[in-house]
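Text of work28.cif (mmCIF, C-alpha atoms and all ligand atoms) as supplied:
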```cif
data_input
#
loop_
_atom_site.group_PDB
_atom_site.id
_atom_site.type_symbol
_atom_site.label_atom_id
_atom_site.label_comp_id
_atom_site.auth_asym_id
_atom_site.auth_seq_id
_atom_site.Cartn_x
_atom_site.Cartn_y
_atom_site.Cartn_z
ATOM 1 C CA MET A 64 7.829 32.029 -14.760
ATOM 2 C CA SER A 65 4.671 33.794 -13.695
ATOM 3 C CA ILE A 66 1.670 34.495 -15.872
ATOM 4 C CA THR A 67 -1.308 36.839 -15.654
ATOM 5 C CA ARG A 68 -4.313 34.991 -14.290
ATOM 6 C CA ILE A 69 -7.584 35.716 -16.074
ATOM 7 C CA PRO A 70 -11.121 34.973 -14.906
ATOM 8 C CA PHE A 71 -12.865 31.919 -16.368
ATOM 9 C CA GLU A 72 -15.366 34.153 -18.210
ATOM 10 C CA ARG A 73 -12.560 35.582 -20.340
ATOM 11 C CA LEU A 74 -11.837 32.209 -21.977
ATOM 12 C CA PRO A 75 -13.027 31.991 -25.584
ATOM 13 C CA ALA A 76 -16.693 30.948 -25.891
ATOM 14 C CA ASP A 77 -15.955 27.619 -27.609
ATOM 15 C CA ILE A 78 -13.691 26.597 -24.730
ATOM 16 C CA ARG A 79 -16.319 27.505 -22.163
ATOM 17 C CA ARG A 80 -18.765 25.439 -24.230
ATOM 18 C CA ALA A 81 -16.381 22.470 -24.213
ATOM 19 C CA VAL A 82 -16.138 22.750 -20.414
ATOM 20 C CA ALA A 83 -19.940 22.888 -20.152
ATOM 21 C CA ASP A 84 -20.083 19.726 -22.319
ATOM 22 C CA LYS A 85 -18.091 17.990 -19.565
ATOM 23 C CA THR A 86 -19.755 19.527 -16.529
ATOM 24 C CA GLY A 87 -23.205 20.795 -17.491
ATOM 25 C CA THR A 88 -24.109 24.498 -17.495
ATOM 26 C CA VAL A 89 -21.596 26.753 -15.728
ATOM 27 C CA HIS A 90 -23.328 29.006 -13.193
ATOM 28 C CA ARG A 91 -20.485 30.852 -11.573
ATOM 29 C CA ALA A 92 -16.686 30.955 -11.529
ATOM 30 C CA THR A 93 -14.345 32.387 -8.893
ATOM 31 C CA THR A 94 -10.582 32.732 -9.231
ATOM 32 C CA ALA A 95 -8.544 30.762 -6.644
ATOM 33 C CA PRO A 96 -5.789 32.419 -4.584
ATOM 34 C CA GLY A 97 -2.173 31.234 -4.600
ATOM 35 C CA GLY A 98 0.215 29.913 -7.205
ATOM 36 C CA MET A 99 1.341 31.787 -10.242
ATOM 37 C CA ASN A 100 1.887 29.446 -13.148
ATOM 38 C CA SER A 101 -1.706 28.940 -14.204
ATOM 39 C CA GLY A 102 -3.450 31.381 -16.543
ATOM 40 C CA ILE A 103 -6.716 30.013 -15.224
ATOM 41 C CA ALA A 104 -7.274 28.718 -11.676
ATOM 42 C CA SER A 105 -11.004 28.853 -11.091
ATOM 43 C CA ILE A 106 -13.588 27.277 -8.891
ATOM 44 C CA VAL A 107 -16.428 26.636 -11.324
ATOM 45 C CA GLU A 108 -19.963 25.909 -10.136
ATOM 46 C CA THR A 109 -21.895 23.812 -12.623
ATOM 47 C CA ASP A 110 -24.977 21.657 -13.041
ATOM 48 C CA SER A 111 -22.948 18.623 -11.979
ATOM 49 C CA GLY A 112 -21.406 20.284 -8.920
ATOM 50 C CA SER A 113 -18.228 22.287 -8.410
ATOM 51 C CA VAL A 114 -14.976 21.662 -10.193
ATOM 52 C CA PHE A 115 -11.541 23.265 -10.048
ATOM 53 C CA VAL A 116 -10.316 24.311 -13.489
ATOM 54 C CA LYS A 117 -6.650 25.011 -14.061
ATOM 55 C CA GLY A 118 -5.303 26.064 -17.429
ATOM 56 C CA ILE A 119 -2.530 27.583 -19.464
ATOM 57 C CA PRO A 120 -2.238 28.757 -23.082
ATOM 58 C CA SER A 121 -0.938 25.939 -25.314
ATOM 59 C CA ASP A 122 1.937 28.106 -26.538
ATOM 60 C CA HIS A 123 3.149 28.954 -23.025
ATOM 61 C CA PRO A 124 6.582 27.532 -22.086
ATOM 62 C CA GLN A 125 5.031 25.823 -19.021
ATOM 63 C CA VAL A 126 2.437 23.870 -20.989
ATOM 64 C CA GLY A 127 4.711 20.801 -20.862
ATOM 65 C CA ALA A 128 4.535 20.919 -17.061
ATOM 66 C CA GLN A 129 0.747 20.979 -17.206
ATOM 67 C CA ARG A 130 0.707 17.969 -19.556
ATOM 68 C CA ARG A 131 3.021 16.088 -17.157
ATOM 69 C CA GLU A 132 0.564 16.964 -14.402
ATOM 70 C CA ALA A 133 -2.239 15.381 -16.439
ATOM 71 C CA ALA A 134 -0.142 12.282 -17.142
ATOM 72 C CA ILE A 135 0.754 11.675 -13.498
ATOM 73 C CA ALA A 136 -2.803 12.213 -12.192
ATOM 74 C CA PRO A 137 -4.019 8.575 -12.489
ATOM 75 C CA HIS A 138 -0.987 7.430 -10.457
ATOM 76 C CA LEU A 139 -1.501 9.700 -7.443
ATOM 77 C CA PRO A 140 -2.626 8.551 -3.991
ATOM 78 C CA ALA A 141 -5.945 9.516 -2.386
ATOM 79 C CA SER A 142 -4.352 12.535 -0.701
ATOM 80 C CA CYS A 143 -4.432 14.236 -4.115
ATOM 81 C CA PRO A 144 -7.612 15.490 -5.799
ATOM 82 C CA ARG A 145 -8.911 13.467 -8.749
ATOM 83 C CA LEU A 146 -8.457 14.713 -12.291
ATOM 84 C CA TYR A 147 -11.834 14.512 -14.073
ATOM 85 C CA TRP A 148 -10.855 15.691 -17.550
ATOM 86 C CA HIS A 149 -8.153 17.249 -19.710
ATOM 87 C CA LEU A 150 -9.026 19.504 -22.653
ATOM 88 C CA GLU A 151 -6.645 20.745 -25.347
ATOM 89 C CA LEU A 152 -8.560 23.186 -27.484
ATOM 90 C CA ASP A 153 -8.199 26.421 -29.394
ATOM 91 C CA GLY A 154 -4.966 27.594 -27.834
ATOM 92 C CA TRP A 155 -5.660 26.403 -24.289
ATOM 93 C CA SER A 156 -4.772 23.386 -22.168
ATOM 94 C CA LEU A 157 -7.294 22.906 -19.336
ATOM 95 C CA LEU A 158 -7.518 20.435 -16.452
ATOM 96 C CA GLY A 159 -10.745 19.803 -14.503
ATOM 97 C CA TYR A 160 -10.144 18.591 -10.947
ATOM 98 C CA GLU A 161 -12.133 17.483 -7.958
ATOM 99 C CA LEU A 162 -12.690 20.676 -5.973
ATOM 100 C CA VAL A 163 -10.832 20.804 -2.686
ATOM 101 C CA ASP A 164 -12.869 23.252 -0.676
ATOM 102 C CA GLY A 165 -10.174 24.112 1.811
ATOM 103 C CA ARG A 166 -7.473 26.610 2.706
ATOM 104 C CA HIS A 167 -3.710 26.780 2.288
ATOM 105 C CA ALA A 168 -1.684 24.873 4.887
ATOM 106 C CA ASP A 169 -0.235 26.726 7.847
ATOM 107 C CA TYR A 170 3.379 25.609 8.369
ATOM 108 C CA THR A 171 4.167 27.842 11.347
ATOM 109 C CA PRO A 172 5.603 26.170 14.472
ATOM 110 C CA GLY A 173 2.893 24.477 16.534
ATOM 111 C CA SER A 174 0.352 24.554 13.677
ATOM 112 C CA GLN A 175 -2.315 21.846 13.874
ATOM 113 C CA ASP A 176 -1.865 21.362 10.126
ATOM 114 C CA LEU A 177 1.603 19.817 10.459
ATOM 115 C CA PRO A 178 0.439 16.293 11.449
ATOM 116 C CA LEU A 179 -2.021 16.388 8.531
ATOM 117 C CA VAL A 180 0.735 17.386 6.100
ATOM 118 C CA GLU A 181 2.879 14.605 7.542
ATOM 119 C CA ALA A 182 0.099 12.046 6.995
ATOM 120 C CA ALA A 183 -0.333 13.114 3.355
ATOM 121 C CA LEU A 184 3.388 12.775 2.746
ATOM 122 C CA VAL A 185 3.510 9.377 4.500
ATOM 123 C CA ASP A 186 0.869 8.280 1.995
ATOM 124 C CA LEU A 187 2.848 9.577 -0.949
ATOM 125 C CA GLN A 188 6.111 8.060 0.255
ATOM 126 C CA LYS A 189 4.671 4.591 -0.457
ATOM 127 C CA VAL A 190 4.129 5.361 -4.149
ATOM 128 C CA ALA A 191 6.693 4.320 -6.747
ATOM 129 C CA ALA A 192 7.131 6.529 -9.801
ATOM 130 C CA PRO A 193 5.261 4.956 -12.725
ATOM 131 C CA ALA A 194 7.609 3.546 -15.344
ATOM 132 C CA ASP A 195 5.473 4.198 -18.390
ATOM 133 C CA ILE A 196 5.192 7.989 -18.339
ATOM 134 C CA ASP A 197 7.712 10.691 -18.942
ATOM 135 C CA ILE A 198 8.549 12.354 -15.636
ATOM 136 C CA LYS A 199 11.681 14.152 -14.492
ATOM 137 C CA ASP A 200 14.552 12.328 -12.842
ATOM 138 C CA ALA A 201 15.884 13.770 -9.599
ATOM 139 C CA VAL A 202 19.398 13.047 -10.865
ATOM 140 C CA ASP A 203 18.796 15.367 -13.835
ATOM 141 C CA ARG A 204 17.004 18.039 -11.826
ATOM 142 C CA TRP A 205 19.856 18.347 -9.307
ATOM 143 C CA ALA A 206 22.700 17.728 -11.787
ATOM 144 C CA ASP A 207 23.775 21.362 -11.933
ATOM 145 C CA TYR A 208 23.604 21.846 -8.168
ATOM 146 C CA ALA A 209 24.823 18.686 -6.407
ATOM 147 C CA PRO A 210 28.499 18.715 -5.350
ATOM 148 C CA PRO A 211 30.752 16.734 -7.727
ATOM 149 C CA GLY A 212 30.518 12.982 -7.205
ATOM 150 C CA THR A 213 27.283 13.029 -5.163
ATOM 151 C CA LEU A 214 24.577 12.872 -7.806
ATOM 152 C CA GLN A 215 24.061 9.115 -7.452
ATOM 153 C CA HIS A 216 22.526 9.705 -4.009
ATOM 154 C CA PHE A 217 19.509 11.418 -5.618
ATOM 155 C CA ASP A 218 18.660 8.346 -7.657
ATOM 156 C CA GLY A 219 15.655 6.265 -6.631
ATOM 157 C CA GLU A 220 12.246 4.949 -7.575
ATOM 158 C CA ALA A 221 9.924 7.057 -5.410
ATOM 159 C CA LEU A 222 7.347 9.428 -6.831
ATOM 160 C CA LEU A 223 8.226 12.912 -5.542
ATOM 161 C CA HIS A 224 6.185 16.113 -5.526
ATOM 162 C CA THR A 225 9.104 18.457 -4.672
ATOM 163 C CA ASP A 226 7.114 21.706 -4.446
ATOM 164 C CA TYR A 227 5.689 21.980 -0.931
ATOM 165 C CA ALA A 228 4.881 25.678 -1.098
ATOM 166 C CA PRO A 229 2.041 26.046 1.431
ATOM 167 C CA ASP A 230 -0.345 27.083 -1.345
ATOM 168 C CA ASN A 231 0.143 23.640 -2.913
ATOM 169 C CA VAL A 232 -1.135 21.912 0.250
ATOM 170 C CA LEU A 233 -4.820 22.407 0.966
ATOM 171 C CA ILE A 234 -6.387 21.647 4.343
ATOM 172 C CA VAL A 235 -9.975 20.401 4.483
ATOM 173 C CA GLY A 236 -11.279 19.121 7.805
ATOM 174 C CA ASP A 237 -8.695 16.695 9.153
ATOM 175 C CA ARG A 238 -6.934 16.053 5.852
ATOM 176 C CA ALA A 239 -4.181 17.663 3.811
ATOM 177 C CA ARG A 240 -4.455 17.314 0.020
ATOM 178 C CA LEU A 241 -1.490 17.830 -2.309
ATOM 179 C CA VAL A 242 -2.153 19.857 -5.454
ATOM 180 C CA ASP A 243 -0.017 21.228 -8.292
ATOM 181 C CA TRP A 244 1.838 18.248 -9.698
ATOM 182 C CA ALA A 245 3.709 20.336 -12.246
ATOM 183 C CA TRP A 246 7.062 18.777 -11.254
ATOM 184 C CA PRO A 247 6.494 15.045 -10.684
ATOM 185 C CA THR A 248 9.933 13.541 -10.236
ATOM 186 C CA ARG A 249 11.424 10.056 -9.859
ATOM 187 C CA GLY A 250 14.118 9.821 -7.227
ATOM 188 C CA ALA A 251 15.230 8.986 -3.699
ATOM 189 C CA ALA A 252 12.259 9.091 -1.321
ATOM 190 C CA TRP A 253 14.077 11.301 1.268
ATOM 191 C CA ILE A 254 14.088 14.239 -1.176
ATOM 192 C CA ASP A 255 10.457 15.156 -0.427
ATOM 193 C CA PRO A 256 10.854 15.361 3.379
ATOM 194 C CA GLY A 257 13.968 17.465 2.689
ATOM 195 C CA THR A 258 12.179 19.952 0.431
ATOM 196 C CA LEU A 259 9.351 20.182 2.982
ATOM 197 C CA ALA A 260 11.878 20.865 5.774
ATOM 198 C CA LEU A 261 13.105 23.932 3.878
ATOM 199 C CA ARG A 262 9.529 25.226 3.576
ATOM 200 C CA LEU A 263 9.062 24.760 7.342
ATOM 201 C CA MET A 264 12.159 26.873 7.956
ATOM 202 C CA ASN A 265 10.654 29.545 5.748
ATOM 203 C CA ALA A 266 7.565 29.450 7.987
ATOM 204 C CA GLY A 267 9.637 30.077 11.115
ATOM 205 C CA HIS A 268 10.939 26.702 12.285
ATOM 206 C CA PRO A 269 14.534 26.656 13.522
ATOM 207 C CA VAL A 270 16.693 24.365 11.396
ATOM 208 C CA GLU A 271 16.860 21.726 14.167
ATOM 209 C CA ALA A 272 13.052 21.519 14.287
ATOM 210 C CA ALA A 273 12.792 21.330 10.493
ATOM 211 C CA VAL A 274 15.338 18.499 10.361
ATOM 212 C CA ALA A 275 13.542 16.749 13.255
ATOM 213 C CA PHE A 276 10.344 16.904 11.169
ATOM 214 C CA ALA A 277 12.122 15.317 8.199
ATOM 215 C CA ASP A 278 13.457 12.678 10.605
ATOM 216 C CA ARG A 279 9.909 11.469 11.213
ATOM 217 C CA PHE A 280 10.023 9.871 7.746
ATOM 218 C CA PRO A 281 11.887 6.547 7.541
ATOM 219 C CA SER A 282 13.289 7.488 4.118
ATOM 220 C CA TRP A 283 15.098 10.483 5.613
ATOM 221 C CA ARG A 284 15.986 8.815 8.896
ATOM 222 C CA ASN A 285 17.602 5.884 7.064
ATOM 223 C CA ALA A 286 19.292 7.932 4.349
ATOM 224 C CA ARG A 287 23.082 8.052 4.305
ATOM 225 C CA PRO A 288 24.501 11.199 5.912
ATOM 226 C CA GLU A 289 26.490 11.853 2.696
ATOM 227 C CA ALA A 290 23.223 11.852 0.747
ATOM 228 C CA LEU A 291 21.599 14.380 3.071
ATOM 229 C CA ALA A 292 24.735 16.538 3.031
ATOM 230 C CA ALA A 293 24.655 16.479 -0.770
ATOM 231 C CA PHE A 294 20.993 17.487 -0.686
ATOM 232 C CA GLY A 295 21.750 20.396 1.650
ATOM 233 C CA ALA A 296 24.558 21.650 -0.572
ATOM 234 C CA ALA A 297 22.503 21.216 -3.759
ATOM 235 C CA THR A 298 19.491 22.989 -2.270
ATOM 236 C CA ALA A 299 21.642 25.900 -1.125
ATOM 237 C CA SER A 300 23.165 26.148 -4.590
ATOM 238 C CA LEU A 301 19.752 25.981 -6.302
ATOM 239 C CA TRP A 302 18.146 28.665 -4.119
ATOM 240 C CA GLY A 303 21.303 30.770 -4.293
ATOM 241 C CA GLU A 304 20.910 30.798 -8.066
ATOM 242 C CA ILE A 305 17.177 31.590 -7.880
ATOM 243 C CA ALA A 306 17.799 34.500 -5.500
ATOM 244 C CA GLU A 307 20.628 35.804 -7.641
ATOM 245 C CA GLU A 308 18.461 35.831 -10.757
ATOM 246 C CA ASN A 309 15.630 37.683 -9.066
ATOM 247 C CA GLY A 310 16.254 38.768 -5.493
ATOM 248 C CA THR A 311 12.745 39.259 -4.141
ATOM 249 C CA PRO A 312 12.690 39.160 -0.323
ATOM 250 C CA TRP A 313 11.125 35.696 -0.097
ATOM 251 C CA LYS A 314 13.635 34.212 -2.559
ATOM 252 C CA LEU A 315 16.507 35.774 -0.608
ATOM 253 C CA GLY A 316 14.942 34.329 2.550
ATOM 254 C CA MET A 317 14.685 30.862 1.003
ATOM 255 C CA ALA A 318 18.328 31.081 -0.116
ATOM 256 C CA GLU A 319 19.383 31.998 3.415
ATOM 257 C CA HIS A 320 17.385 29.117 4.942
ATOM 258 C CA ALA A 321 18.816 26.713 2.366
ATOM 259 C CA ALA A 322 22.350 27.788 3.323
ATOM 260 C CA THR A 323 21.506 27.203 7.004
ATOM 261 C CA LEU A 324 20.059 23.781 6.170
ATOM 262 C CA ALA A 325 23.189 22.900 4.207
ATOM 263 C CA ARG A 326 25.368 23.767 7.229
ATOM 264 C CA ALA A 327 23.168 21.653 9.520
ATOM 265 C CA LEU A 328 23.418 18.638 7.195
ATOM 266 C CA ARG A 329 27.151 18.907 6.602
ATOM 267 C CA PRO A 330 28.880 15.925 8.263
ATOM 268 C CA VAL A 331 30.833 16.693 11.417
ATOM 269 C CA PRO A 332 34.504 16.220 10.472
HETATM 270 N N1 LIG U 401 -8.304 20.834 -6.712
HETATM 271 C C1 LIG U 401 -8.327 22.080 -6.219
HETATM 272 N N2 LIG U 401 -9.415 22.546 -5.558
HETATM 273 C C2 LIG U 401 -9.450 23.814 -5.073
HETATM 274 N N3 LIG U 401 -8.465 24.708 -5.204
HETATM 275 C C3 LIG U 401 -7.353 24.309 -5.839
HETATM 276 C C4 LIG U 401 -7.215 22.984 -6.372
HETATM 277 N N4 LIG U 401 -6.000 22.886 -6.951
HETATM 278 C C5 LIG U 401 -5.405 24.082 -6.775
HETATM 279 N N5 LIG U 401 -6.205 24.944 -6.119
HETATM 280 C C6 LIG U 401 -5.938 26.368 -5.779
HETATM 281 O O1 LIG U 401 -5.450 27.045 -6.932
HETATM 282 C C7 LIG U 401 -4.133 27.529 -6.712
HETATM 283 C C8 LIG U 401 -3.303 27.367 -7.981
HETATM 284 O O2 LIG U 401 -3.297 26.015 -8.372
HETATM 285 P P1 LIG U 401 -1.930 25.241 -8.598
HETATM 286 O O3 LIG U 401 -2.300 23.871 -9.052
HETATM 287 O O4 LIG U 401 -1.097 25.349 -7.390
HETATM 288 O O5 LIG U 401 -1.313 26.017 -9.824
HETATM 289 P P2 LIG U 401 -0.084 27.033 -10.003
HETATM 290 O O6 LIG U 401 0.619 27.205 -8.686
HETATM 291 O O7 LIG U 401 0.743 26.340 -11.007
HETATM 292 O O8 LIG U 401 -0.694 28.270 -10.489
HETATM 293 C C9 LIG U 401 -3.610 26.734 -5.500
HETATM 294 O O9 LIG U 401 -2.654 27.447 -4.787
HETATM 295 C C10 LIG U 401 -4.871 26.526 -4.707
HETATM 296 O O10 LIG U 401 -5.182 27.679 -3.928
HETATM 297 MG MG MG U 402 0.865 26.058 -7.063
#
```
For the structure just supplied, provide its representation as structure tokens.
Ligand SMILES: Nc1ncnc2c1ncn2[C@@H]1O[C@H](COP(=O)(O)OP(=O)(O)O)[C@@H](O)[C@H]1O
Ligand SMILES: [Mg+2]
Amino acid sequence: MSITRIPFERLPADIRRAVADKTGTVHRATTAPGGMNSGIASIVETDSGSVFVKGIPSDHPQVGAQRREAAIAPHLPASCPRLYWHLELDGWSLLGYELVDGRHADYTPGSQDLPLVEAALVDLQKVAAPADIDIKDAVDRWADYAPPGTLQHFDGEALLHTDYAPDNVLIVGDRARLVDWAWPTRGAAWIDPGTLALRLMNAGHPVEAAVAFADRFPSWRNARPEALAAFGAATASLWGEIAEENGTPWKLGMAEHAATLARALRPVP
């Protein structure tokens, strides 16, 4: 669900004061490009340096996702920016992050960003989902989409990001940083390379190249073919539903790529 993004200056004065209590005087704020779920996404220059502030009204249906994002932050690897503070005040939920002064990843074929994205995901693939916080289970997230009798394949202990939209991957120098942990999920480690493969297709990779990219990750390479086939079918069903609800061109495109991916992952009879 998208939300109108407002500039930092439009936040109520007491909230801006609470931010200044954390950061020192705020000198300037600029709204960040990309994404659509945050009511505030601002680069804020302060006495103590720059900080990225992301926020959502406390009565917004997505506020739970933002609180999950805050809860997972201490468990994330170094490829993700640090969370400095979390404020819940006067109708707003705000997160203050380490500023990643970069640009959105370029997923097009031959892009120099792809090895950097791969390295960030390799890092993440080593992380187990923390047991003590409430995150989604892949089995629940794919329950309505996986073919009957295949859901057990999605089960696992890895910490998954699952939303590799290129505006959630920021490139700075020779590193890719993963932002926007609104959907931290516990599940089979191969799910993340699979969701990234679909995004690569959307950026112009033929399905064979996208699957070859996923194959670079041991989790995917060693996964059972039935598991990957189930993932393909579930992904096609999920994006088919999204495109049916609201058929914008990019959603229709994603649904088409997901159907192609599903065909490529279907076992040869
Ligand atoms: N730590 C950060 N530093 C700099 N820019 C960021 C940072 N985190 C996110 N952004 C920028 O803000 C945009 C929106 O943030 P994101 O966390 O993706 O929220 P959403 O997509 O839910 O609105 C991102 O696409 C990115 O351009
Ligand atoms: Mg985003």
Kindly provide the residues of chain A that approach ligand LIG 401 (chain U) to within 10 Å, each paired with its closest atom pair and their distance in Å to one decimal, based on all atoms listed in the file, listed by chain and increasing number, as CSV.
```
residue,atom,partner,partner_atom,distance
A:Met64,CA,U:LIG401,O7,9.8
A:Ser65,CA,U:LIG401,O8,8.3
A:Ile66,CA,U:LIG401,O8,8.6
A:Arg68,CA,U:LIG401,O8,8.5
A:Thr94,CA,U:LIG401,O1,8.0
A:Ala95,CA,U:LIG401,O1,4.8
A:Pro96,CA,U:LIG401,O10,4.8
A:Gly97,CA,U:LIG401,O9,3.8
A:Gly98,CA,U:LIG401,O6,3.1
A:Met99,CA,U:LIG401,O8,4.1
A:Asn100,CA,U:LIG401,O8,3.9
A:Ser101,CA,U:LIG401,O8,3.9
A:Gly102,CA,U:LIG401,O8,7.3
A:Ile103,CA,U:LIG401,O8,7.9
A:Ala104,CA,U:LIG401,O1,5.4
A:Ser105,CA,U:LIG401,O1,7.2
A:Ile106,CA,U:LIG401,C2,6.6
A:Val107,CA,U:LIG401,C2,9.8
A:Ser113,CA,U:LIG401,N2,9.3
A:Val114,CA,U:LIG401,N2,7.3
A:Phe115,CA,U:LIG401,N2,5.0
A:Val116,CA,U:LIG401,C1,7.9
A:Lys117,CA,U:LIG401,O2,6.7
A:Gly118,CA,U:LIG401,O5,8.6
A:Ile119,CA,U:LIG401,O7,9.2
A:Gln125,CA,U:LIG401,O7,9.1
A:Ala128,CA,U:LIG401,O7,9.0
A:Gln129,CA,U:LIG401,O7,8.2
A:Glu132,CA,U:LIG401,O3,9.2
A:Cys143,CA,U:LIG401,N1,8.1
A:Pro144,CA,U:LIG401,N1,5.5
A:Arg145,CA,U:LIG401,N1,7.7
A:Leu146,CA,U:LIG401,N1,8.3
A:Leu158,CA,U:LIG401,O3,9.7
A:Gly159,CA,U:LIG401,N1,8.2
A:Tyr160,CA,U:LIG401,N1,5.1
A:Glu161,CA,U:LIG401,N1,5.2
A:Leu162,CA,U:LIG401,N2,3.8
A:Val163,CA,U:LIG401,N2,3.6
A:Asp164,CA,U:LIG401,C2,5.6
A:Gly165,CA,U:LIG401,C2,6.9
A:Arg166,CA,U:LIG401,O10,7.1
A:His167,CA,U:LIG401,O10,6.5
A:Ala168,CA,U:LIG401,O10,9.9
A:Asp226,CA,U:LIG401,O4,9.5
A:Tyr227,CA,U:LIG401,O4,10.0
A:Ala228,CA,U:LIG401,O9,8.6
A:Pro229,CA,U:LIG401,O9,7.9
A:Asp230,CA,U:LIG401,O9,4.2
A:Asn231,CA,U:LIG401,O4,4.9
A:Val232,CA,U:LIG401,O9,7.6
A:Leu233,CA,U:LIG401,C10,7.0
A:Arg240,CA,U:LIG401,N1,8.5
A:Leu241,CA,U:LIG401,N4,8.2
A:Val242,CA,U:LIG401,N4,5.1
A:Asp243,CA,U:LIG401,O3,3.6
A:Trp244,CA,U:LIG401,O3,7.0
A:Ala245,CA,U:LIG401,O7,6.8
A:Trp246,CA,U:LIG401,O7,9.9
```
Hey, can you spit out that residue selection with C-alpha atoms as a short mmCIF file (atom, residue, chain, number, x, y, z; two decimals), in the coordinates of the input?
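Result file out_20.cif:
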```cif
data_model
loop_
_atom_site.label_atom_id
_atom_site.label_comp_id
_atom_site.auth_asym_id
_atom_site.auth_seq_id
_atom_site.Cartn_x
_atom_site.Cartn_y
_atom_site.Cartn_z
CA MET A 64 7.83 32.03 -14.76
CA SER A 65 4.67 33.79 -13.70
CA ILE A 66 1.67 34.49 -15.87
CA ARG A 68 -4.31 34.99 -14.29
CA THR A 94 -10.58 32.73 -9.23
CA ALA A 95 -8.54 30.76 -6.64
CA PRO A 96 -5.79 32.42 -4.58
CA GLY A 97 -2.17 31.23 -4.60
CA GLY A 98 0.22 29.91 -7.20
CA MET A 99 1.34 31.79 -10.24
CA ASN A 100 1.89 29.45 -13.15
CA SER A 101 -1.71 28.94 -14.20
CA GLY A 102 -3.45 31.38 -16.54
CA ILE A 103 -6.72 30.01 -15.22
CA ALA A 104 -7.27 28.72 -11.68
CA SER A 105 -11.00 28.85 -11.09
CA ILE A 106 -13.59 27.28 -8.89
CA VAL A 107 -16.43 26.64 -11.32
CA SER A 113 -18.23 22.29 -8.41
CA VAL A 114 -14.98 21.66 -10.19
CA PHE A 115 -11.54 23.26 -10.05
CA VAL A 116 -10.32 24.31 -13.49
CA LYS A 117 -6.65 25.01 -14.06
CA GLY A 118 -5.30 26.06 -17.43
CA ILE A 119 -2.53 27.58 -19.46
CA GLN A 125 5.03 25.82 -19.02
CA ALA A 128 4.54 20.92 -17.06
CA GLN A 129 0.75 20.98 -17.21
CA GLU A 132 0.56 16.96 -14.40
CA CYS A 143 -4.43 14.24 -4.12
CA PRO A 144 -7.61 15.49 -5.80
CA ARG A 145 -8.91 13.47 -8.75
CA LEU A 146 -8.46 14.71 -12.29
CA LEU A 158 -7.52 20.43 -16.45
CA GLY A 159 -10.74 19.80 -14.50
CA TYR A 160 -10.14 18.59 -10.95
CA GLU A 161 -12.13 17.48 -7.96
CA LEU A 162 -12.69 20.68 -5.97
CA VAL A 163 -10.83 20.80 -2.69
CA ASP A 164 -12.87 23.25 -0.68
CA GLY A 165 -10.17 24.11 1.81
CA ARG A 166 -7.47 26.61 2.71
CA HIS A 167 -3.71 26.78 2.29
CA ALA A 168 -1.68 24.87 4.89
CA ASP A 226 7.11 21.71 -4.45
CA TYR A 227 5.69 21.98 -0.93
CA ALA A 228 4.88 25.68 -1.10
CA PRO A 229 2.04 26.05 1.43
CA ASP A 230 -0.34 27.08 -1.34
CA ASN A 231 0.14 23.64 -2.91
CA VAL A 232 -1.14 21.91 0.25
CA LEU A 233 -4.82 22.41 0.97
CA ARG A 240 -4.46 17.31 0.02
CA LEU A 241 -1.49 17.83 -2.31
CA VAL A 242 -2.15 19.86 -5.45
CA ASP A 243 -0.02 21.23 -8.29
CA TRP A 244 1.84 18.25 -9.70
CA ALA A 245 3.71 20.34 -12.25
CA TRP A 246 7.06 18.78 -11.25
#
```
Provide the CA of Ala134 (chain A) to CA of Ala194 (chain A) distance in Å, to one decimal place.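 Separation of CA of Ala134 (chain A) and CA of Ala194 (chain A): 11.8 Å.
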Closest to ligand MG 402 (chain U) among A:Thr225, A:Thr258, A:Thr88, A:Thr311, using only C-alpha atoms and all ligand atoms?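 Looking at the shortest contact to ligand MG 402 (chain U), the residue is A:Thr225.
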Residue among A:Met264, A:Tyr208, A:Ile135, A:His224 lying closest to ligand MG 402 (chain U), counting all atoms listed in the file: A:His224
Name the residues that the PyMOL selection byres (((chain A and resi 274) around 12) and not hetatm) picks from the file above, as a VMD selection string, using the file's chain letters and numbers. chain A and resid 253 256 to 264 268 to 273 275 to 280 283 to 284 291 295 321 323 to 328
Please write as an NGL selection string the full residue list that the PyMOL selection byres (((chain A and resi 176) around 10) and not hetatm) yields on this file. :A and (167-175 or 177-181 or 232-239)
Dump as a count of residues only all residues having an atom at most 10 Å from (15.0, 9.8, -8.9), computed in the file's coordinates with only C-alpha atoms. 24
For CA of Ala296 (chain A) and CA of Asp186 (chain A), quote the distance in Å rounded to one decimal. 27.3 Å
